[in-house]
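**Q** Before we start, here is the structure in question, set down as structure tokens.
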Amino acid sequence: MVKPSTLYEKIWDAHVVERRPDGTCLIYIDRHLVHEVTSPQAFEGLRLAGRKVRRPDLTLAVPDHNLPTTPRRDAQGNRIPIADPQSAQQLAALEKNAPEFGVRLFGDADPQQGIVHVVGPEQGFTLPGTTLVCGDSHTSSHGALGALAFGIGTSEVEHVLATQTLLLKPSKTMEVRIDGELGFGVTPKDVALAICQQIGTAGGTGYVMEYRGSVFRDMSIEGRLTVANMSIEAGARSGLFAPDDKTFAYLKGRPMAPKDEAWDAAVAWWKTLKSDEGAVFDKVVVIDAADIVPNVTWGTSPEDVVPVTGVVPDPDSFADASKRAAAQKSLDYMGLKPGQRMQDVPVEHIFIGSCTNSRIEDLRAAASLLKGRHIASGIKQAMVVPGSGLVKLQAEAEGLDSIFREAGFEWREPGCSACLGMNPDKVPAGERCASTSNRNFMGRQGPGSRTHLVSPIMAAAAAVTGRLTDVRELLNDKEGAVA
Amino acid sequence: MEKLTEVEGRAYPFGMKNVDTDIVIPAHWLKTISREGLGRGAFEVLRKEPGNVFDDPEYAGSPILIAGDNFGCGSSREHAAWALADLGVKVVMAPSFSDIFSGNAFKNGILTVVLPQEAIDRLMEVAKTDPIHVNLEEQTVTTRFQDRFRFEIDPFRKHCLLGGLDEIGLTLDNRSEIDRFEGRLAVEKPWLVPTVA
């Protein structure tokens with residue numbers, strides 16, 4: 001009998017070009033997303049070595065990190081120059097490199113432009129069973145569709161451009177199983193934060209995760225994208241969902257997805273892509289869905305998670321001395337005191353966006369809570385940055401932009417924005433942001449910025465009250481507002 | 001890539017755990033289109049703190065950095081490795097590294113040495129007064145106090161670091177294998193080529 005395999009092993013085996021005696025494999029890469037920040041040095045490397053892009057047809061370039069989220073074209077359709085000369089230079093480099101090497105580019109004002117991890121699935125560029133890479137750690141997102149997807153550095157970007165392969169050692173496998181039903185007001189973001197808290201930011205190092213169990217089966221594709229996106233925050237370079245009927249329904253008819261007979265052939269293979277009965281994972285993590293509540297981070301690591309109804313932990317409560325020191329440093333940075341109620345923490349900024357939570361379902365959820373409400377007086381800036389131009393257009397067609405604007409939010413152009421503040425969207429030093437992004441690292445949203453990671457509805461709730469808030473209280477007084 | 005065989009010198013007794021690559025180099029330094037000059041941005045936020053090891057003249061120009069668990073977590077930015085290289089760091093030692101960072105470091109000729117926490121603690125002590133010796137061929141870290149710690153390293157990485165080899169060049173030597181694989185793919189999974197809308 002053939003040994004039962006995990007989904008990861010099946011995808012890996014289908015991509016081995018050459019296996020070396022020490023276990024290292026030359027792995028074929030089916031899909032490569034390129035953005036302006038981590039590619040200039042790679043293209044320059046090719047140029048210096050006189051190399052070309054081996055498979056430009058499997059490569060897609062999209063600028064996202066540096067773009068301002070203010071309008072990019074004036075009334076005459078002319079580009080409004082990017083104020084920061086370095087950002088402008090990175091965009092210009094991508095606009096030069098992509099055509100020079102024959103790579104398709106979605107330009108800064110194309111409706112298809114957006115965050116690479118929103119664009120890939122949306123265009124049907126991301127497909128189940130493929131290997132997909134990008135010079136960005138949140139490439140794990142694409143695992144939501146059953147792609148073995150992971151972030152790489154710029155040297156590897158150059159390696160993939162030149163050879164369409166990577167030299168890799170197989171990872172260990174981790175099953176993350178959550179069965180049961182999510183409670184009222186609990187979203188995929190809360191699930192992702194719960195996983196980070198349980199596993200820790202290094203817990204997944206060396207592993208590829210597979211998300212299994214009824215919670216993940218019942219989750220929408222966009223919810224799965226949120227969870228897979230944050231695999232890297234638990235240390236795992238990649239996180240997989242077995243493709244199912246929801247995956248196929250999501251992809252069918254997308255611009256770059258296979259069509260007609262090709263579609264049928266693809267689906268036939270995709271249906272075989274699941275871990276076999278009896279397949280063994282190197283590690284198993286089980287969480288009960290009933291234990292997951294609306295979560296919020298208190299510190300400067302994505303594992304620093306507490307229920308929104310909880311309090312700031314006391315550093316002395318950590319057994320490990322180095323954790324105590326880290327927690328104290330985090331609290332000093334965050335300006336919080338042990339025992340302080342999370343719900344008493346005021347916020348001045350709201351950021352709804354990033355590759356974690358900027359898709360249409362995220363915007364619908366936040367908008368449904370904001371409808372008929374307004375941001376609190378203490379909020380200095382509340383911003384919605386849709387994940388792509390197409391998400392933005394869809395939201396506008398549904399009237400969500402009006403709801404956000406009437407609630408006091410700014411409705412912006414798509415991009416990475418205040419998730420990492422490479423463009424002008426930053427949180428000022430010492431100020432606090434309820435953010436739907438993925439990293440609460442020191443200085444992540446701008447020097448001295450203080451980030452609390454939350455779900456889109458929690459961000460909306462914080463906007464309304466001006467402090468971190470248990471969204472369930474607002475949902476209760478507007479029963480049925482959020483599906 | 002420069003060859004790396006042995007490194008002898010002082011080490012930054014840094015020791016911090018869970019150092020993410022945003023700490024190694026903040027995002028605003030990522031706007032460069034070059035690999036050069038990023039040392040100036042290395043640990044920028046921490047360098048604002050008085051008494052930090054990076055501005056202590058005692059450790060200036062040290063080729064070795066000693067850190068805590070999970071060094072290089074978070075963003076995949078290779079700029080973190082470029083910044084360390086520009087700072088003159090050739091070896092980073094820690095109880096564990098993020099997968100992406102250790103790959104990036106290696107591709108820039110930086111050796112990541114994984115040692116147990118006790119060994120790291122001991123080397124942190126030594127680093128405050130004395131140099132540390134790293135021998136890649138023998139896979140050892142030694143001090144003048146007779147400390148001797150052996151470390152493991154992937155044989156392929158060791159081979160590339162010792163020889164200063166260009167990985168892309170090595171892979172392109174296998175071009176015929178890639179051609180064969182692609183040929184088979186075109187027959188078995190023709191739908192893999194994206195539709196051009």
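Residue numbers start at 1 in each chain; chains themselves are named A, B, ... in the order of the structure tokens; ligands are numbered from 1 in the order shown.
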Using only C-alpha atoms and a cut-off of 8 Å, which residues of chain B sit close to chain A? Please list them as JSON, numbers by chain.

**A** {"B": [17, 18, 20, 22, 23, 26, 27, 28, 30, 31, 32, 33, 34, 35, 45, 70, 73, 74, 75, 76, 77, 78, 98, 99, 100, 103, 104, 107, 155, 167, 168, 171, 172, 175, 177, 178, 181, 189, 190, 191, 192, 193, 194, 195, 196, 197]}

**Q** Please return, as an mmCIF file with N, CA, C and O atoms, in the first residue's frame, all residues of range 396-470 of chain A that DSSP assigns to alpha helix (DSSP H) on the basis of the backbone.

**A**
```cif
data_model
loop_
_atom_site.group_PDB
_atom_site.id
_atom_site.type_symbol
_atom_site.label_atom_id
_atom_site.label_comp_id
_atom_site.auth_asym_id
_atom_site.auth_seq_id
_atom_site.Cartn_x
_atom_site.Cartn_y
_atom_site.Cartn_z
ATOM 1 N N GLU A 396 -17.687 50.329 -4.024
ATOM 2 C CA GLU A 396 -18.410 51.548 -4.433
ATOM 3 C C GLU A 396 -19.739 51.183 -5.089
ATOM 4 O O GLU A 396 -20.752 51.858 -4.882
ATOM 5 N N ALA A 397 -19.741 50.095 -5.859
ATOM 6 C CA ALA A 397 -20.990 49.642 -6.489
ATOM 7 C C ALA A 397 -22.023 49.266 -5.431
ATOM 8 O O ALA A 397 -23.228 49.384 -5.648
ATOM 9 N N LEU A 400 -20.669 51.007 -0.225
ATOM 10 C CA LEU A 400 -19.932 50.938 1.046
ATOM 11 C C LEU A 400 -19.102 52.181 1.277
ATOM 12 O O LEU A 400 -18.917 52.624 2.419
ATOM 13 N N ASP A 401 -18.585 52.748 0.182
ATOM 14 C CA ASP A 401 -17.752 53.952 0.326
ATOM 15 C C ASP A 401 -18.539 55.072 1.000
ATOM 16 O O ASP A 401 -18.016 55.792 1.854
ATOM 17 N N SER A 402 -19.830 55.215 0.639
ATOM 18 C CA SER A 402 -20.654 56.259 1.256
ATOM 19 C C SER A 402 -20.824 56.002 2.742
ATOM 20 O O SER A 402 -20.775 56.940 3.556
ATOM 21 N N ILE A 403 -21.024 54.728 3.095
ATOM 22 C CA ILE A 403 -21.187 54.414 4.524
ATOM 23 C C ILE A 403 -19.932 54.801 5.292
ATOM 24 O O ILE A 403 -20.000 55.438 6.348
ATOM 25 N N PHE A 404 -18.775 54.407 4.739
ATOM 26 C CA PHE A 404 -17.511 54.744 5.420
ATOM 27 C C PHE A 404 -17.335 56.261 5.518
ATOM 28 O O PHE A 404 -16.971 56.789 6.566
ATOM 29 N N ARG A 405 -17.588 56.958 4.409
ATOM 30 C CA ARG A 405 -17.392 58.417 4.415
ATOM 31 C C ARG A 405 -18.336 59.086 5.413
ATOM 32 O O ARG A 405 -17.922 59.957 6.183
ATOM 33 N N GLU A 406 -19.593 58.658 5.388
ATOM 34 C CA GLU A 406 -20.560 59.271 6.308
ATOM 35 C C GLU A 406 -20.199 58.998 7.762
ATOM 36 O O GLU A 406 -20.510 59.793 8.651
ATOM 37 N N PRO A 456 -11.725 43.389 11.257
ATOM 38 C CA PRO A 456 -12.383 44.568 10.681
ATOM 39 C C PRO A 456 -13.570 45.078 11.516
ATOM 40 O O PRO A 456 -13.724 46.289 11.686
ATOM 41 N N ILE A 457 -14.385 44.170 12.057
ATOM 42 C CA ILE A 457 -15.535 44.669 12.838
ATOM 43 C C ILE A 457 -15.076 45.245 14.179
ATOM 44 O O ILE A 457 -15.678 46.188 14.702
ATOM 45 N N MET A 458 -13.985 44.704 14.698
ATOM 46 C CA MET A 458 -13.444 45.270 15.949
ATOM 47 C C MET A 458 -12.841 46.652 15.689
ATOM 48 O O MET A 458 -12.920 47.538 16.554
ATOM 49 N N ALA A 459 -12.221 46.816 14.521
ATOM 50 C CA ALA A 459 -11.669 48.131 14.168
ATOM 51 C C ALA A 459 -12.808 49.129 14.033
ATOM 52 O O ALA A 459 -12.719 50.275 14.505
ATOM 53 N N ALA A 460 -13.894 48.694 13.405
ATOM 54 C CA ALA A 460 -15.058 49.563 13.238
ATOM 55 C C ALA A 460 -15.644 49.931 14.600
ATOM 56 O O ALA A 460 -16.008 51.089 14.848
ATOM 57 N N ALA A 461 -15.698 48.945 15.492
ATOM 58 C CA ALA A 461 -16.257 49.196 16.830
ATOM 59 C C ALA A 461 -15.386 50.202 17.584
ATOM 60 O O ALA A 461 -15.896 51.119 18.241
ATOM 61 N N ALA A 462 -14.053 50.051 17.462
ATOM 62 C CA ALA A 462 -13.138 50.977 18.138
ATOM 63 C C ALA A 462 -13.287 52.387 17.566
ATOM 64 O O ALA A 462 -13.169 53.373 18.296
ATOM 65 N N ALA A 463 -13.572 52.455 16.276
ATOM 66 C CA ALA A 463 -13.759 53.772 15.649
ATOM 67 C C ALA A 463 -14.971 54.474 16.258
ATOM 68 O O ALA A 463 -14.933 55.672 16.523
ATOM 69 N N VAL A 464 -16.023 53.706 16.501
ATOM 70 C CA VAL A 464 -17.273 54.287 16.999
ATOM 71 C C VAL A 464 -17.134 54.750 18.450
ATOM 72 O O VAL A 464 -17.646 55.800 18.832
ATOM 73 N N THR A 465 -16.405 53.981 19.259
ATOM 74 C CA THR A 465 -16.322 54.315 20.684
ATOM 75 C C THR A 465 -15.062 55.100 21.033
ATOM 76 O O THR A 465 -14.988 55.695 22.114
#
```

**Q** Considering only strand (DSSP E or B) as DSSP defines it on the backbone, what residues of range 95-285 of chain A qualify? List them as JSON, numbers by chain.

**A** {"A": [104, 105, 114, 131, 132, 133, 134, 148, 149, 150, 151, 165, 166, 167, 168, 172, 173, 174, 175, 176, 177, 178, 179, 207, 208, 209, 210, 211, 212, 238, 239, 240, 283, 284, 285]}

**Q** CA of Asp470 in chain A and CA of Lys329 in chain A, how far apart in Å?

**A** 26.2 Å

**Q** Applying 10 Å and only C-alpha atoms, which residues near Asn357 in chain A remain after dropping the ones on its own chain fewer than 5 positions away? List them as a VMD selection string.

**A** chain A and resid 118 188 to 189 222 to 223 225 to 227 229 352 362 to 363 385 to 387 435 to 438 454 to 456

**Q** Just give me the gap between CA of Val293 in chain A and CA of Asp332 in chain A in Å, one decimal is fine.

**A**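 Separation of CA of Val293 in chain A and CA of Asp332 in chain A: 26.2 Å.
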
**Q** Select, from A:Cys416, A:Val34, A:Leu48, A:Ala92, the residue with the minimum atom-to-atom distance to Leu105 in chain A, counting only C-alpha atoms.

**A**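 Smallest distance to Leu105 in chain A is found for A:Val34.
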
**Q** Show which residues sit within 8 Å of Val186 in chain A, as a list of chain:residue names. Count only C-alpha atoms, and ignore same-chain residues fewer than 5 positions away.

**A** A:Val191, A:Ile292, A:Val293, A:Pro294
